[in-house]
$ cat entry37.csv   # CSV, C-alpha atoms
chain,number,residue,atom,x,y,z
T,1275,MET,CA,342.9,202.8,88.9
T,1276,ARG,CA,343.1,206.1,86.9
T,1277,VAL,CA,346.4,207.7,86.1
T,1278,VAL,CA,346.8,211.1,84.5
T,1279,HIS,CA,350.0,211.9,82.8
T,1280,CYS,CA,351.1,215.6,82.5
T,1281,VAL,CA,353.5,216.4,79.7
T,1282,ALA,CA,354.5,219.6,77.9
T,1283,GLY,CA,354.0,218.0,74.5
T,1284,LEU,CA,354.0,214.7,72.7
T,1285,GLY,CA,356.8,215.2,70.2
T,1286,GLN,CA,359.4,212.6,69.3
T,1287,GLY,CA,361.5,212.9,72.5
T,1288,GLY,CA,362.6,209.9,74.6
T,1289,ALA,CA,360.4,210.8,77.6
T,1290,GLU,CA,357.3,211.0,75.3
T,1291,ARG,CA,358.1,207.6,73.8
T,1292,GLN,CA,358.5,206.0,77.2
T,1293,LEU,CA,355.1,207.5,78.2
T,1294,THR,CA,353.5,206.0,75.2
T,1295,LEU,CA,355.1,202.6,75.7
T,1296,LEU,CA,354.0,202.7,79.4
T,1297,CYS,CA,350.4,203.4,78.5
T,1298,ARG,CA,350.3,200.6,76.0
T,1299,ALA,CA,351.9,198.0,78.4
T,1300,THR,CA,349.8,198.8,81.4
T,1301,ALA,CA,346.5,199.6,79.7
T,1302,PRO,CA,344.7,196.5,81.0
T,1303,ALA,CA,345.3,197.5,84.6
T,1304,VAL,CA,345.2,201.3,84.4
T,1305,ARG,CA,342.9,203.8,82.8
T,1306,HIS,CA,345.2,206.4,81.4
T,1307,GLU,CA,344.6,210.0,80.3
T,1308,VAL,CA,347.3,212.4,79.0
T,1309,PHE,CA,347.3,216.2,79.7
T,1310,THR,CA,349.5,218.0,77.2
T,1311,ALA,CA,350.1,221.7,77.2
T,1312,ARG,CA,351.0,222.1,73.5
T,1313,GLY,CA,348.7,219.7,71.6
T,1314,GLY,CA,348.7,216.1,70.4
T,1315,GLY,CA,352.1,216.1,68.6
T,1316,PHE,CA,353.7,213.0,67.1
T,1317,HIS,CA,352.5,210.5,69.7
T,1318,GLY,CA,349.0,211.9,70.2
T,1319,PRO,CA,347.3,209.8,67.4
T,1320,GLU,CA,349.0,206.6,68.6
T,1321,LEU,CA,347.8,207.2,72.2
T,1322,GLU,CA,344.3,207.9,71.1
T,1323,ALA,CA,344.3,204.8,68.8
T,1324,MET,CA,345.0,202.6,71.9
T,1325,GLY,CA,342.1,204.3,73.8
T,1326,VAL,CA,344.0,206.9,75.8
T,1327,ALA,CA,342.2,210.2,76.0
T,1328,VAL,CA,344.5,213.2,75.2
T,1329,THR,CA,343.5,216.5,76.6
T,1330,SER,CA,345.3,219.5,75.1
T,1331,PHE,CA,345.4,222.9,76.9
T,1332,ASP,CA,346.8,224.6,73.8
T,1333,THR,CA,349.3,226.9,75.5
T,1334,ASP,CA,353.0,227.6,75.3
T,1335,ARG,CA,353.0,229.1,78.8
T,1336,LEU,CA,354.3,226.1,80.5
T,1337,TRP,CA,355.0,227.8,83.8
T,1338,SER,CA,351.6,229.6,84.0
T,1339,PRO,CA,349.4,229.3,87.2
T,1340,SER,CA,346.4,229.5,84.9
T,1341,LEU,CA,347.5,226.2,83.3
T,1342,ALA,CA,347.6,224.5,86.7
T,1343,VAL,CA,344.1,225.8,87.5
T,1344,ARG,CA,342.7,224.5,84.2
T,1345,MET,CA,344.3,221.1,84.7
T,1346,ALA,CA,343.0,221.0,88.3
T,1347,ALA,CA,339.4,221.4,87.0
T,1348,ARG,CA,339.8,218.5,84.7
T,1349,LEU,CA,341.5,216.4,87.4
T,1350,ARG,CA,338.7,216.9,89.8
T,1351,SER,CA,336.2,215.7,87.2
T,1352,LEU,CA,338.2,212.5,86.7
T,1353,ASP,CA,339.0,211.8,90.4
T,1354,ALA,CA,342.4,210.5,89.4
T,1355,ASP,CA,344.4,208.3,91.7
T,1356,VAL,CA,347.8,209.2,90.5
T,1357,VAL,CA,349.2,212.2,88.5
T,1358,HIS,CA,352.4,211.2,86.7
T,1359,CYS,CA,354.4,214.3,85.7
T,1360,TRP,CA,357.0,214.2,82.9
T,1361,LEU,CA,359.9,216.7,82.6
T,1362,PRO,CA,360.6,219.8,84.6
T,1363,SER,CA,357.7,222.2,83.8
T,1364,MET,CA,355.1,219.6,84.4
T,1365,ASN,CA,356.8,218.4,87.6
T,1366,LEU,CA,355.7,221.7,89.0
T,1367,MET,CA,352.4,222.4,87.1
T,1368,GLY,CA,351.1,218.9,87.5
T,1369,ALA,CA,351.8,218.9,91.2
T,1370,LEU,CA,350.1,222.3,91.6
T,1371,ALA,CA,347.1,221.0,89.8
T,1372,ALA,CA,346.9,218.0,92.0
T,1373,ALA,CA,347.3,220.1,95.1
T,1374,LEU,CA,344.3,222.2,94.0
T,1375,CYS,CA,342.1,219.0,94.1
T,1376,TRP,CA,342.3,218.9,97.9
T,1377,PRO,CA,340.9,217.1,99.9
T,1378,ARG,CA,340.7,214.4,97.1
T,1379,ARG,CA,344.2,215.1,96.0
T,1380,PRO,CA,345.7,212.4,93.7
T,1381,ALA,CA,349.2,211.1,94.5
T,1382,VAL,CA,351.9,212.8,92.5
T,1383,ILE,CA,354.9,211.2,90.8
T,1384,ALA,CA,357.6,213.6,89.4
T,1385,SER,CA,360.1,212.4,86.8
T,1386,ILE,CA,363.8,213.2,86.6
T,1387,ARG,CA,365.1,212.1,83.2
T,1388,ASN,CA,368.5,213.8,83.1
T,1389,VAL,CA,371.6,214.4,85.1
T,1390,ASP,CA,370.8,218.0,86.1
T,1391,ASP,CA,374.2,218.9,87.6
T,1392,TRP,CA,374.1,222.2,85.6
T,1393,LYS,CA,371.5,223.7,87.9
T,1394,GLY,CA,372.4,226.7,89.9
T,1395,PRO,CA,371.5,227.4,93.6
T,1396,LEU,CA,368.2,229.1,92.8
T,1397,ARG,CA,367.0,226.3,90.5
T,1398,ARG,CA,368.0,223.7,93.1
T,1399,ALA,CA,366.1,225.6,95.8
T,1400,ALA,CA,363.0,225.8,93.6
T,1401,ASP,CA,363.1,222.0,93.0
T,1402,ARG,CA,363.4,221.4,96.7
T,1403,CYS,CA,360.3,223.5,97.3
T,1404,ALA,CA,358.4,221.8,94.5
T,1405,SER,CA,359.4,218.4,95.9
T,1406,ARG,CA,357.1,219.0,99.0
T,1407,LEU,CA,354.2,218.4,96.6
T,1408,TRP,CA,355.7,215.1,95.2
T,1409,ASP,CA,354.9,211.7,96.7
T,1410,ARG,CA,357.5,209.9,94.6
T,1411,VAL,CA,360.2,210.8,92.2
T,1412,LEU,CA,361.1,208.3,89.5
T,1413,CYS,CA,364.5,208.7,87.8
T,1414,ASN,CA,365.4,206.8,84.7
T,1415,SER,CA,369.0,206.7,85.6
T,1416,LEU,CA,371.0,206.0,88.7
T,1417,ALA,CA,373.2,208.9,87.9
T,1418,GLY,CA,370.2,211.3,87.8
T,1419,LEU,CA,369.0,209.8,91.1
T,1420,ARG,CA,372.3,210.4,92.8
T,1421,CYS,CA,372.4,214.0,91.4
T,1422,ALA,CA,368.9,214.7,92.7
T,1423,ALA,CA,369.8,213.4,96.1
T,1424,GLN,CA,372.9,215.6,96.2
T,1425,GLN,CA,370.8,218.6,95.3
T,1426,GLY,CA,368.5,218.1,98.3
T,1427,ILE,CA,365.6,216.0,97.0
T,1428,ALA,CA,364.5,213.7,99.9
T,1429,VAL,CA,366.0,210.3,99.5
T,1430,ASP,CA,362.9,208.5,100.7
T,1431,LYS,CA,361.0,209.9,97.7
T,1432,LEU,CA,363.5,208.8,95.1
T,1433,ASP,CA,363.4,205.6,93.1
T,1434,TRP,CA,364.8,204.3,89.9
T,1435,VAL,CA,363.0,202.8,86.9
T,1436,ALA,CA,365.2,202.3,83.8
T,1437,ASN,CA,363.8,203.0,80.3
T,1438,GLY,CA,362.3,200.1,78.4
T,1439,VAL,CA,363.3,199.3,74.9
T,1440,GLU,CA,360.8,197.8,72.4
T,1441,ALA,CA,361.6,194.4,71.1
T,1442,ARG,CA,362.6,194.5,67.4
T,1443,THR,CA,363.8,192.1,64.8
T,1444,ARG,CA,367.4,192.3,63.9
T,1445,LEU,CA,368.5,192.4,60.3
T,1446,SER,CA,369.2,189.1,58.6
T,1447,ALA,CA,372.7,188.4,57.6
T,1448,ASP,CA,371.9,189.4,54.0
T,1449,GLU,CA,370.2,192.6,55.1
T,1450,ARG,CA,373.1,193.5,57.3
T,1451,ALA,CA,375.6,192.9,54.5
T,1452,ALA,CA,373.5,195.1,52.2
T,1453,THR,CA,373.3,197.9,54.7
T,1454,ARG,CA,377.1,197.7,55.2
T,1455,ARG,CA,377.8,197.8,51.5
T,1456,ALA,CA,375.6,200.9,51.1
T,1457,LEU,CA,377.8,202.5,53.7
T,1458,GLY,CA,380.9,201.6,51.7
T,1459,VAL,CA,382.0,198.8,54.1
T,1460,ALA,CA,383.6,195.9,52.3
T,1461,GLY,CA,383.2,192.4,53.7
T,1462,ASP,CA,384.2,192.1,57.3
T,1463,SER,CA,385.8,195.5,57.6
T,1464,PRO,CA,385.1,197.0,61.0
T,1465,LEU,CA,382.3,199.6,61.1
T,1466,LEU,CA,382.0,202.1,64.0
T,1467,LEU,CA,378.8,204.0,64.6
T,1468,SER,CA,378.1,207.3,66.3
T,1469,ALA,CA,374.3,208.0,66.7
T,1470,CYS,CA,373.4,211.2,68.6
T,1471,ARG,CA,372.7,214.9,68.3
T,1472,LEU,CA,375.8,216.7,67.0
T,1473,VAL,CA,376.1,219.0,70.0
T,1474,GLU,CA,379.0,219.8,72.4
T,1475,GLN,CA,377.8,217.4,75.1
T,1476,LYS,CA,378.2,214.4,72.8
T,1477,GLN,CA,381.8,215.1,71.9
T,1478,VAL,CA,381.6,213.5,68.4
T,1479,HIS,CA,384.8,215.2,67.4
T,1480,ARG,CA,386.5,212.6,69.7
T,1481,VAL,CA,385.0,209.8,67.6
T,1482,LEU,CA,386.8,211.2,64.6
T,1483,GLU,CA,390.0,211.6,66.5
T,1484,LEU,CA,389.8,207.9,67.5
T,1485,ALA,CA,389.3,206.9,63.9
T,1486,ALA,CA,392.3,209.0,62.8
T,1487,ARG,CA,394.5,207.3,65.5
T,1488,LEU,CA,393.3,203.8,64.6
T,1489,ARG,CA,393.3,204.0,60.8
T,1490,PRO,CA,397.1,203.6,60.3
T,1491,ARG,CA,396.8,200.2,62.0
T,1492,ILE,CA,393.3,199.3,60.7
T,1493,PRO,CA,393.2,200.7,57.2
T,1494,ALA,CA,389.8,199.2,56.4
T,1495,LEU,CA,388.1,201.0,59.4
T,1496,ARG,CA,384.9,202.8,58.5
T,1497,VAL,CA,382.8,205.2,60.6
T,1498,ALA,CA,379.1,206.2,60.1
T,1499,VAL,CA,377.7,209.2,61.9
T,1500,CYS,CA,373.9,209.4,62.4
T,1501,GLY,CA,372.6,212.7,63.6
T,1502,ASP,CA,372.4,216.4,62.9
T,1503,GLY,CA,372.9,219.5,65.0
T,1504,PRO,CA,374.9,222.8,65.3
T,1505,LEU,CA,378.2,221.0,65.0
T,1506,ALA,CA,377.5,219.2,61.8
T,1507,ALA,CA,379.6,221.6,59.6
T,1508,PRO,CA,382.6,221.8,62.0
T,1509,LEU,CA,382.7,218.0,62.2
T,1510,ARG,CA,382.7,217.7,58.4
T,1511,GLU,CA,385.6,220.2,58.3
T,1512,GLN,CA,387.5,218.2,61.0
T,1513,CYS,CA,386.9,215.0,59.0
T,1514,SER,CA,388.6,216.5,56.0
T,1515,ALA,CA,391.4,218.0,58.0
T,1516,LEU,CA,392.1,214.5,59.5
T,1517,GLY,CA,392.1,212.9,56.0
T,1518,LEU,CA,389.1,210.8,56.8
T,1519,ASP,CA,386.8,211.8,53.9
T,1520,ASP,CA,386.9,208.3,52.4
T,1521,ALA,CA,386.4,206.5,55.8
T,1522,VAL,CA,383.6,208.5,57.4
T,1523,ARG,CA,380.0,208.7,56.2
T,1524,PHE,CA,377.8,211.5,57.6
T,1525,LEU,CA,374.2,210.3,57.4
T,1526,GLY,CA,372.5,213.4,58.8
T,1527,ALA,CA,369.2,213.2,60.8
T,1528,VAL,CA,367.9,209.6,60.7
T,1529,SER,CA,364.4,209.0,61.9
T,1530,ASP,CA,365.2,205.4,62.8
T,1531,PRO,CA,368.8,204.4,63.3
T,1532,TRP,CA,367.9,200.7,63.8
T,1533,PRO,CA,369.3,199.4,60.5
T,1534,TYR,CA,372.6,201.1,61.2
T,1535,LEU,CA,372.8,199.8,64.7
T,1536,CYS,CA,372.3,196.3,63.4
T,1537,ALA,CA,375.0,196.9,60.7
T,1538,ALA,CA,377.6,198.3,62.9
T,1539,ASP,CA,380.2,196.4,64.9
T,1540,VAL,CA,380.7,198.9,67.7
T,1541,LEU,CA,378.7,201.9,68.9
T,1542,VAL,CA,381.1,204.5,70.0
T,1543,MET,CA,379.9,207.1,72.6
T,1544,THR,CA,382.2,209.8,73.8
T,1545,SER,CA,379.7,211.9,75.8
T,1546,LEU,CA,380.5,214.2,78.6
T,1547,ARG,CA,377.1,213.7,80.2
T,1548,GLU,CA,374.5,210.9,80.0
T,1549,GLY,CA,371.6,209.6,82.0
T,1550,THR,CA,370.1,206.4,80.6
T,1551,SER,CA,371.0,206.5,76.9
T,1552,ASN,CA,368.1,205.1,74.8
T,1553,THR,CA,370.6,204.8,71.9
T,1554,LEU,CA,372.9,202.6,74.0
T,1555,LEU,CA,370.0,200.3,75.0
T,1556,GLU,CA,368.8,200.1,71.3
T,1557,ALA,CA,372.4,199.3,70.3
T,1558,LEU,CA,372.6,196.4,72.8
T,1559,GLN,CA,369.3,195.0,71.4
T,1560,ALA,CA,370.7,195.3,67.9
T,1561,GLY,CA,373.7,193.2,68.8
T,1562,CYS,CA,376.2,196.1,68.7
T,1563,ALA,CA,379.2,196.0,71.0
T,1564,ILE,CA,379.7,199.2,73.0
T,1565,CYS,CA,382.7,201.4,73.5
T,1566,ALA,CA,381.7,204.4,75.7
T,1567,THR,CA,383.0,206.9,78.2
T,1568,ASP,CA,382.0,206.2,81.8
T,1569,ALA,CA,379.3,208.9,81.8
T,1570,GLY,CA,375.9,208.6,83.6
T,1571,ASP,CA,374.7,205.0,83.6
T,1572,ASN,CA,376.8,203.8,80.7
T,1573,ALA,CA,379.0,201.4,82.7
T,1574,ALA,CA,376.0,199.9,84.5
T,1575,LEU,CA,374.0,199.5,81.3
T,1576,VAL,CA,376.8,197.8,79.3
T,1577,GLY,CA,377.8,195.4,82.1
T,1578,GLN,CA,380.9,193.3,82.0
T,1579,ALA,CA,380.7,191.5,78.7
T,1580,ALA,CA,379.0,193.7,76.1
T,1581,GLY,CA,381.9,196.0,75.4
T,1582,TRP,CA,384.0,198.6,77.3
T,1583,THR,CA,383.4,201.7,79.3
T,1584,GLY,CA,386.0,204.0,80.9
T,1585,ASP,CA,388.0,207.2,80.5
T,1586,TYR,CA,388.4,208.6,77.0
T,1587,ALA,CA,392.2,208.5,77.4
T,1588,ALA,CA,392.1,204.7,77.3
T,1589,MET,CA,389.4,204.4,74.7
T,1590,ALA,CA,391.6,204.1,71.6
T,1591,ALA,CA,393.6,201.1,73.1
T,1592,ALA,CA,390.4,199.4,74.3
T,1593,LEU,CA,388.7,199.9,70.9
T,1594,GLU,CA,391.8,198.6,69.0
T,1595,GLU,CA,391.9,195.5,71.3
T,1596,LEU,CA,388.2,194.8,70.6
T,1597,LEU,CA,388.5,195.1,66.9
T,1598,ALA,CA,391.8,193.2,66.7
T,1599,CYS,CA,390.1,190.0,67.9
T,1600,PRO,CA,387.1,188.9,65.9
T,1601,GLY,CA,386.2,186.3,68.4
T,1602,ARG,CA,386.2,188.8,71.3
T,1603,LEU,CA,384.1,191.2,69.1
T,1604,GLU,CA,381.5,188.5,68.4
T,1605,GLN,CA,381.3,187.5,72.1
T,1606,ALA,CA,380.6,191.2,73.0
T,1607,ARG,CA,377.9,191.4,70.3
T,1608,ALA,CA,376.2,188.3,71.6
T,1609,ALA,CA,376.5,189.5,75.2
T,1610,ALA,CA,374.9,192.8,74.1
T,1611,VAL,CA,371.7,191.0,73.0
T,1612,THR,CA,371.6,189.1,76.3
T,1613,ARG,CA,372.1,192.3,78.3
T,1614,ALA,CA,369.3,194.1,76.4
T,1615,ALA,CA,366.7,191.7,77.7
T,1616,ASP,CA,367.2,193.3,81.2
T,1617,PHE,CA,365.7,196.5,79.8
T,1618,SER,CA,362.4,195.4,78.3
T,1619,VAL,CA,359.3,197.6,78.1
T,1620,GLU,CA,357.6,194.9,80.3
T,1621,ARG,CA,360.1,195.4,83.1
T,1622,MET,CA,359.8,199.2,82.9
T,1623,ALA,CA,356.0,199.0,82.9
T,1624,SER,CA,355.8,196.4,85.7
T,1625,ALA,CA,358.1,198.5,88.0
T,1626,THR,CA,356.1,201.7,87.3
T,1627,LEU,CA,352.8,200.0,87.8
T,1628,ALA,CA,354.0,198.8,91.3
T,1629,HIS,CA,354.5,202.5,92.2
T,1630,TYR,CA,351.0,203.4,90.9
T,1631,GLU,CA,349.4,200.6,93.0
T,1632,GLN,CA,351.3,201.5,96.1
T,1633,LEU,CA,350.5,205.2,95.9
T,1634,ALA,CA,346.8,204.5,95.0
T,1635,ARG,CA,346.5,202.3,98.1
T,1636,ALA,CA,348.0,205.0,100.2
T,1637,ARG,CA,345.5,207.6,98.8
T,1638,VAL,CA,342.7,205.4,100.1
T,1639,SER,CA,344.5,205.3,103.5
T,1640,PRO,CA,346.1,208.7,103.7
T,1641,GLN,CA,347.3,208.4,107.2
T,1642,ARG,CA,350.0,206.1,105.9
T,1643,ARG,CA,352.4,207.8,103.6
T,1644,PRO,CA,354.3,205.2,101.5
T,1645,ALA,CA,358.0,205.2,101.5
T,1646,ALA,CA,360.1,204.3,98.5
T,1647,GLY,CA,361.2,200.7,98.4
T,1648,ARG,CA,364.9,201.3,98.4
T,1649,ARG,CA,367.4,203.9,99.6
T,1650,ALA,CA,369.4,205.7,96.9
T,1651,GLU,CA,372.8,204.4,98.0
T,1652,SER,CA,371.6,200.8,97.6
T,1653,TRP,CA,370.3,200.9,94.0
T,1654,ARG,CA,371.9,198.7,91.4
T,1655,VAL,CA,371.1,197.8,87.8
$ encode --input "entry37.csv" --output "structure tokens"
Amino acid sequence: MRVVHCVAGLGQGGAERQLTLLCRATAPAVRHEVFTARGGGFHGPELEAMGVAVTSFDTDRLWSPSLAVRMAARLRSLDADVVHCWLPSMNLMGALAAALCWPRRPAVIASIRNVDDWKGPLRRAADRCASRLWDRVLCNSLAGLRCAAQQGIAVDKLDWVANGVEARTRLSADERAATRRALGVAGDSPLLLSACRLVEQKQVHRVLELAARLRPRIPALRVAVCGDGPLAAPLREQCSALGLDDAVRFLGAVSDPWPYLCAADVLVMTSLREGTSNTLLEALQAGCAICATDAGDNAALVGQAAGWTGDYAAMAAALEELLACPGRLEQARAAAVTRAADFSVERMASATLAHYEQLARARVSPQRRPAAGRRAESWRV
């Protein structure tokens, strides 16, 4: 079976990483090729090293009909079974390229990887028109799936495949202690972590407000902030205004937050909007308890034992309760590791491969259009 992935670029984004992990995990069963509009990028060499051909069309015109025509010419020469489109521009361009391969049109999978409730009427209408060219739509979050259904994407085309998280080795006790000392955390003092882009959607100012509210009762509390963005300077000013300069460490852009996730006691997320948070999944694997707003799939991902999710108004009390009981905190951290096993790369790859195989069989017998295996209202983590 041959699968062609269409993606705008291969930079360090979450979708691009999931594409790379998927190719690696399914390579024995699938011949992969990647079409990229903008060149190889960060993940290009890794894909090529594992034997995946990367074809670059070297253009920044992501919505250009000529791009679809050029991709179609390459698709016809490959006789691909499935075209897997990643992110909005390629959901359209990849589908158009596949349509131009008629009568040997490959099946088309579109991807929805965000909760796109910001879209206006015209954009929603355009998506509904484009969806006529899609055989399946894979969403990486239940929240994104429900949003797509509400915006008029046919429910029988929608399905959910959660992101997969690579297995990694957690820090040893000595390594964890050394990382905490480098952050100014003494002994068993509680360490909260925020790891995200410093943008409005993530509401990191609320993390600082939580720290200011808890500090009088938990004087040893420390906070580390991983990330950069347009709100970096205002957040530093807020930190000073709240008298938290000695308690908060801004780490800036961090290429790999794994050591800090392992060192922290609780990952605090105050986002307004999420889909499936890769950072949250990585935190679970690192053995970090979670305290998060009930945005996107946060509650479903965390489950019942690995922390707390809910409304921001109740977060300070929930966080204080978690930190006040070391036994409860350790239980949550252990439950986080157990929960992370449900979001392995192998699970993600196996579920996606099942879609490939079903659509490839239907391409051989085109009179039978495959229906998605589950209806949107029945999906559960």
$ closest_residue --input "entry37.csv" --among "T:Ile1427, T:Leu1284, T:Leu1509, T:Ala1615" --to "Trp1408 in chain T" --atoms "all atoms listed in the file"
T:Ile1427
$ closest_residue --input "entry37.csv" --among "T:Arg1335, T:Arg1379, T:Arg1607, T:Arg1547" --to "Asp1391 in chain T" --atoms "only C-alpha atoms"
T:Arg1547
$ closest_residue --input "entry37.csv" --among "T:Leu1466, T:Leu1374, T:Val1328, T:Ala1609" --to "Leu1341 in chain T" --atoms "all atoms listed in the file"
T:Leu1374
$ residues_around --input "entry37.csv" --residues "Arg1471 in chain T" --least-positions-apart "5" --cutoff "12 Å" --atoms "all atoms listed in the file" --output "ChimeraX atom specification"
/T:1476-1478,1499-1506,1525-1528,1543,1545,1553
$ residues_around --input "entry37.csv" --residues "Ile1564 in chain T" --least-positions-apart "5" --cutoff "9 Å" --atoms "all atoms listed in the file" --output "count of residues only"
16
$ residues_around --input "entry37.csv" --residues "Leu1593 in chain T" --least-positions-apart "4" --cutoff "12 Å" --atoms "all atoms listed in the file" --output "MDAnalysis selection string"
chainID T and resid 1464:1466 1481 1484:1485 1487:1489 1492 1495 1539:1543 1563:1567 1581:1584 1586:1589 1597:1599 1602:1603
$ write_last_selection --input "entry37.csv" --atoms "C-alpha atoms" --output "short mmCIF file (atom, residue, chain, number, x, y, z; two decimals), in the coordinates of the input"
data_model
loop_
_atom_site.label_atom_id
_atom_site.label_comp_id
_atom_site.auth_asym_id
_atom_site.auth_seq_id
_atom_site.Cartn_x
_atom_site.Cartn_y
_atom_site.Cartn_z
CA PRO T 1464 385.10 197.00 61.00
CA LEU T 1465 382.30 199.60 61.10
CA LEU T 1466 382.00 202.10 64.00
CA VAL T 1481 385.00 209.80 67.60
CA LEU T 1484 389.80 207.90 67.50
CA ALA T 1485 389.30 206.90 63.90
CA ARG T 1487 394.50 207.30 65.50
CA LEU T 1488 393.30 203.80 64.60
CA ARG T 1489 393.30 204.00 60.80
CA ILE T 1492 393.30 199.30 60.70
CA LEU T 1495 388.10 201.00 59.40
CA ASP T 1539 380.20 196.40 64.90
CA VAL T 1540 380.70 198.90 67.70
CA LEU T 1541 378.70 201.90 68.90
CA VAL T 1542 381.10 204.50 70.00
CA MET T 1543 379.90 207.10 72.60
CA ALA T 1563 379.20 196.00 71.00
CA ILE T 1564 379.70 199.20 73.00
CA CYS T 1565 382.70 201.40 73.50
CA ALA T 1566 381.70 204.40 75.70
CA THR T 1567 383.00 206.90 78.20
CA GLY T 1581 381.90 196.00 75.40
CA TRP T 1582 384.00 198.60 77.30
CA THR T 1583 383.40 201.70 79.30
CA GLY T 1584 386.00 204.00 80.90
CA TYR T 1586 388.40 208.60 77.00
CA ALA T 1587 392.20 208.50 77.40
CA ALA T 1588 392.10 204.70 77.30
CA MET T 1589 389.40 204.40 74.70
CA LEU T 1597 388.50 195.10 66.90
CA ALA T 1598 391.80 193.20 66.70
CA CYS T 1599 390.10 190.00 67.90
CA ARG T 1602 386.20 188.80 71.30
CA LEU T 1603 384.10 191.20 69.10
#
$ atom_distance --input "entry37.csv" --atom1 "CA of Leu1336 in chain T" --atom2 "CA of Ser1363 in chain T"
6.1 Å
$ build_atoms --input "entry37.csv" --residues "range 1348-1366 of chain T" --atoms "N, CA and C atoms" --output "PDB file, keeping the file's coordinate frame"
ATOM      1  N   ARG T1348     339.987 219.759  85.364  1.00  0.00           N
ATOM      2  CA  ARG T1348     339.800 218.500  84.700  1.00  0.00           C
ATOM      3  C   ARG T1348     340.123 217.311  85.598  1.00  0.00           C
ATOM      4  N   LEU T1349     341.159 217.456  86.429  1.00  0.00           N
ATOM      5  CA  LEU T1349     341.500 216.400  87.400  1.00  0.00           C
ATOM      6  C   LEU T1349     340.387 216.084  88.332  1.00  0.00           C
ATOM      7  N   ARG T1350     339.745 217.130  88.851  1.00  0.00           N
ATOM      8  CA  ARG T1350     338.700 216.900  89.800  1.00  0.00           C
ATOM      9  C   ARG T1350     337.517 216.132  89.164  1.00  0.00           C
ATOM     10  N   SER T1351     337.247 216.394  87.884  1.00  0.00           N
ATOM     11  CA  SER T1351     336.200 215.700  87.200  1.00  0.00           C
ATOM     12  C   SER T1351     336.510 214.201  86.992  1.00  0.00           C
ATOM     13  N   LEU T1352     337.812 213.886  86.937  1.00  0.00           N
ATOM     14  CA  LEU T1352     338.200 212.500  86.700  1.00  0.00           C
ATOM     15  C   LEU T1352     338.419 211.722  87.992  1.00  0.00           C
ATOM     16  N   ASP T1353     338.652 212.424  89.105  1.00  0.00           N
ATOM     17  CA  ASP T1353     339.000 211.800  90.400  1.00  0.00           C
ATOM     18  C   ASP T1353     340.141 210.794  90.183  1.00  0.00           C
ATOM     19  N   ALA T1354     341.238 211.316  89.637  1.00  0.00           N
ATOM     20  CA  ALA T1354     342.400 210.500  89.400  1.00  0.00           C
ATOM     21  C   ALA T1354     343.054 209.987  90.639  1.00  0.00           C
ATOM     22  N   ASP T1355     343.629 208.801  90.574  1.00  0.00           N
ATOM     23  CA  ASP T1355     344.400 208.300  91.700  1.00  0.00           C
ATOM     24  C   ASP T1355     345.810 208.756  91.736  1.00  0.00           C
ATOM     25  N   VAL T1356     346.411 208.860  90.553  1.00  0.00           N
ATOM     26  CA  VAL T1356     347.800 209.200  90.500  1.00  0.00           C
ATOM     27  C   VAL T1356     347.986 210.249  89.320  1.00  0.00           C
ATOM     28  N   VAL T1357     348.783 211.272  89.566  1.00  0.00           N
ATOM     29  CA  VAL T1357     349.200 212.200  88.500  1.00  0.00           C
ATOM     30  C   VAL T1357     350.706 211.933  88.287  1.00  0.00           C
ATOM     31  N   HIS T1358     351.044 211.513  87.090  1.00  0.00           N
ATOM     32  CA  HIS T1358     352.400 211.200  86.700  1.00  0.00           C
ATOM     33  C   HIS T1358     352.944 212.377  85.870  1.00  0.00           C
ATOM     34  N   CYS T1359     353.883 213.148  86.404  1.00  0.00           N
ATOM     35  CA  CYS T1359     354.400 214.300  85.700  1.00  0.00           C
ATOM     36  C   CYS T1359     355.694 213.988  84.993  1.00  0.00           C
ATOM     37  N   TRP T1360     355.818 214.509  83.772  1.00  0.00           N
ATOM     38  CA  TRP T1360     357.000 214.200  82.900  1.00  0.00           C
ATOM     39  C   TRP T1360     357.715 215.491  82.592  1.00  0.00           C
ATOM     40  N   LEU T1361     358.988 215.553  82.967  1.00  0.00           N
ATOM     41  CA  LEU T1361     359.900 216.700  82.600  1.00  0.00           C
ATOM     42  C   LEU T1361     359.622 217.895  83.509  1.00  0.00           C
ATOM     43  N   PRO T1362     360.607 218.822  83.591  1.00  0.00           N
ATOM     44  CA  PRO T1362     360.600 219.800  84.600  1.00  0.00           C
ATOM     45  C   PRO T1362     359.369 220.712  84.761  1.00  0.00           C
ATOM     46  N   SER T1363     358.876 221.261  83.652  1.00  0.00           N
ATOM     47  CA  SER T1363     357.700 222.200  83.800  1.00  0.00           C
ATOM     48  C   SER T1363     356.524 221.490  84.341  1.00  0.00           C
ATOM     49  N   MET T1364     356.259 220.270  83.895  1.00  0.00           N
ATOM     50  CA  MET T1364     355.100 219.600  84.400  1.00  0.00           C
ATOM     51  C   MET T1364     355.293 218.967  85.767  1.00  0.00           C
ATOM     52  N   ASN T1365     356.545 218.760  86.178  1.00  0.00           N
ATOM     53  CA  ASN T1365     356.800 218.400  87.600  1.00  0.00           C
ATOM     54  C   ASN T1365     356.186 219.382  88.526  1.00  0.00           C
ATOM     55  N   LEU T1366     356.235 220.650  88.147  1.00  0.00           N
ATOM     56  CA  LEU T1366     355.700 221.700  89.000  1.00  0.00           C
ATOM     57  C   LEU T1366     354.181 221.924  88.676  1.00  0.00           C
TER      58      LEU T1366
END
